[in-house]
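Some notes on the structure that comes next.
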Amino acid sequence: MKAHLKQIPAEGLHLEGEEACSIPQLEAEGIRCAGLLHYNIDIGVSSGALWANGSLSQPVELRCVSCLEKFVHQIEVPAFAVHTELRGPEAVDLTPFIREDLLLNLPAHPHCDRDGGRICKAKHIEMAEQDTKGKSNWSELDKLKLKRK
């Protein structure tokens with residue numbers, strides 16, 4: 001997303017809309033964009049610098065670290081903020097700043113049941129196994145007869 005400086009009035013400019021995913025290089029990591037980036041940003045120019053603040057939302061497809069199923073996660077950046085020095089007279093590209101904030105808001109260990117909309121298959125199986133065992137994991141250690149000196 002480029003902001004053309006001559007199109008920004010003195011009081012600032014409000015931008016809202018959607019555009020193509022700005023993090024396509026993550027496909028090698030198993031992360032795929034699942035829709036358009038939605039942005040709601042105010043931008044302005046002040047003292048030789050461009051400022052921007054607002055919110056970002058990007059749906060991505062991730063793989064659950066527990067059950068390995070793919071699921072869609074909504075990356076939310078509620079407080080997107082940029083203040084950068086102007087380097088030229090024409091335009092400033094906000095894409096690197098947007099990409100950085102999206103990457104910082106990716107979950108480090110994605111779980112498909114994080115948002116509460118799903119039940120992870122791996123956790124369901126784990127709970128079922130615990131119910132069938134019925135005895136403590138320490139029961140075998142309790143049988144040990146250790147000699148004390």
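Each chain in the structure tokens gets a letter, A, B, ..., in the order shown, and its residues are numbered from 1; ligands are numbered from 1 in order too.
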
- request: Find the residues near A:Leu5: any atom within 12 Å, counting only C-alpha atoms, skip ones fewer than 6 places away on the same chain, and give them as a PyMOL selection string.
  value: chain A and resi 12-13+43-46+48-51+86-93

- prompt: If you run DSSP on this backbone, which residues of stretch 27-131 of chain A come out as alpha helix (DSSP H), and could you give them as an MDAnalysis selection string?
  reply: chainID A and resid 95:104 121:131

Could you save the residues just selected, with C-alpha atoms, as a PDB file, in the first residue's frame?
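Okay, out39.pdb is ready:
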```
ATOM      1  CA  THR A  95       3.573  -2.415   2.976  1.00  0.00           C
ATOM      2  CA  PRO A  96       6.758  -3.256   4.966  1.00  0.00           C
ATOM      3  CA  PHE A  97       5.251  -1.733   8.126  1.00  0.00           C
ATOM      4  CA  ILE A  98       1.971  -3.606   7.617  1.00  0.00           C
ATOM      5  CA  ARG A  99       3.850  -6.867   6.959  1.00  0.00           C
ATOM      6  CA  GLU A 100       5.897  -6.451  10.140  1.00  0.00           C
ATOM      7  CA  ASP A 101       2.847  -5.892  12.350  1.00  0.00           C
ATOM      8  CA  LEU A 102       1.033  -8.880  10.820  1.00  0.00           C
ATOM      9  CA  LEU A 103       4.049 -11.128  11.393  1.00  0.00           C
ATOM     10  CA  LEU A 104       4.417  -9.934  14.999  1.00  0.00           C
ATOM     11  CA  LYS A 121      -8.883 -33.623  17.732  1.00  0.00           C
ATOM     12  CA  ALA A 122      -5.574 -34.185  19.522  1.00  0.00           C
ATOM     13  CA  LYS A 123      -6.918 -32.888  22.825  1.00  0.00           C
ATOM     14  CA  HIS A 124     -10.102 -34.918  22.418  1.00  0.00           C
ATOM     15  CA  ILE A 125      -8.061 -38.125  21.932  1.00  0.00           C
ATOM     16  CA  GLU A 126      -5.768 -37.250  24.842  1.00  0.00           C
ATOM     17  CA  MET A 127      -8.731 -36.719  27.174  1.00  0.00           C
ATOM     18  CA  ALA A 128     -10.283 -40.032  26.074  1.00  0.00           C
ATOM     19  CA  GLU A 129      -7.028 -41.892  26.818  1.00  0.00           C
ATOM     20  CA  GLN A 130      -6.864 -40.374  30.294  1.00  0.00           C
ATOM     21  CA  ASP A 131     -10.427 -41.455  31.000  1.00  0.00           C
TER      22      ASP A 131
END
```

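Going from atom CA of A:Val65 to atom CA of A:Ala20 covers 26.8 Å.
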
message: Which of stretch 4-79 of chain A end up as strand (DSSP E) when DSSP is run on this backbone - answer as a ChimeraX atom specification?
response: /A:4,13-19,32-33,37-46,49-63,70-79

Dump as a tab-separated table (two decimals), in the first residue's frame, selection limited to C-alpha atoms:
```tsv
chain	number	residue	atom	x	y	z
A	4	HIS	CA	0.99	9.45	-2.34
A	13	LEU	CA	-6.61	11.28	5.17
A	14	HIS	CA	-8.72	8.28	6.16
A	15	LEU	CA	-8.18	5.06	4.17
A	16	GLU	CA	-10.40	2.02	4.49
A	17	GLY	CA	-10.58	-0.97	2.22
A	18	GLU	CA	-9.11	-4.30	1.22
A	19	GLU	CA	-6.11	-5.38	-0.77
A	32	ARG	CA	-1.11	-19.12	3.54
A	33	CYS	CA	-3.29	-16.05	3.20
A	37	LEU	CA	-6.14	-7.71	4.09
A	38	HIS	CA	-8.71	-5.30	5.56
A	39	TYR	CA	-7.33	-1.94	6.68
A	40	ASN	CA	-8.82	1.07	8.43
A	41	ILE	CA	-6.06	3.70	8.67
A	42	ASP	CA	-5.68	7.44	9.18
A	43	ILE	CA	-2.54	8.96	7.63
A	44	GLY	CA	-1.01	12.41	7.65
A	45	VAL	CA	2.16	14.40	7.15
A	46	SER	CA	3.77	16.41	9.95
A	49	ALA	CA	7.43	12.68	8.51
A	50	LEU	CA	4.48	10.49	7.64
A	51	TRP	CA	2.31	9.08	10.43
A	52	ALA	CA	-0.32	6.41	10.16
A	53	ASN	CA	-2.52	4.68	12.72
A	54	GLY	CA	-5.53	2.41	12.65
A	55	SER	CA	-6.32	-1.29	12.49
A	56	LEU	CA	-5.52	-4.27	10.27
A	57	SER	CA	-7.16	-7.66	9.84
A	58	GLN	CA	-5.80	-10.55	7.77
A	59	PRO	CA	-7.18	-14.11	7.58
A	60	VAL	CA	-4.46	-16.76	7.27
A	61	GLU	CA	-4.46	-20.54	7.06
A	62	LEU	CA	-2.29	-22.16	9.74
A	63	ARG	CA	-1.56	-25.73	10.83
A	70	LYS	CA	-5.28	-26.74	8.84
A	71	PHE	CA	-7.53	-23.96	10.10
A	72	VAL	CA	-8.20	-20.29	9.37
A	73	HIS	CA	-7.02	-17.73	11.92
A	74	GLN	CA	-7.80	-14.02	11.82
A	75	ILE	CA	-4.71	-11.90	12.57
A	76	GLU	CA	-5.94	-8.74	14.28
A	77	VAL	CA	-3.76	-5.65	14.68
A	78	PRO	CA	-6.00	-3.23	16.60
A	79	ALA	CA	-3.31	-0.59	17.17
```

task: May I ask for the distance between atom CA of A:Glu85 and atom CA of A:Gln7, given in Å to one decimal place?
output: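 Result for atom CA of A:Glu85 versus atom CA of A:Gln7: 17.4 Å, one decimal.
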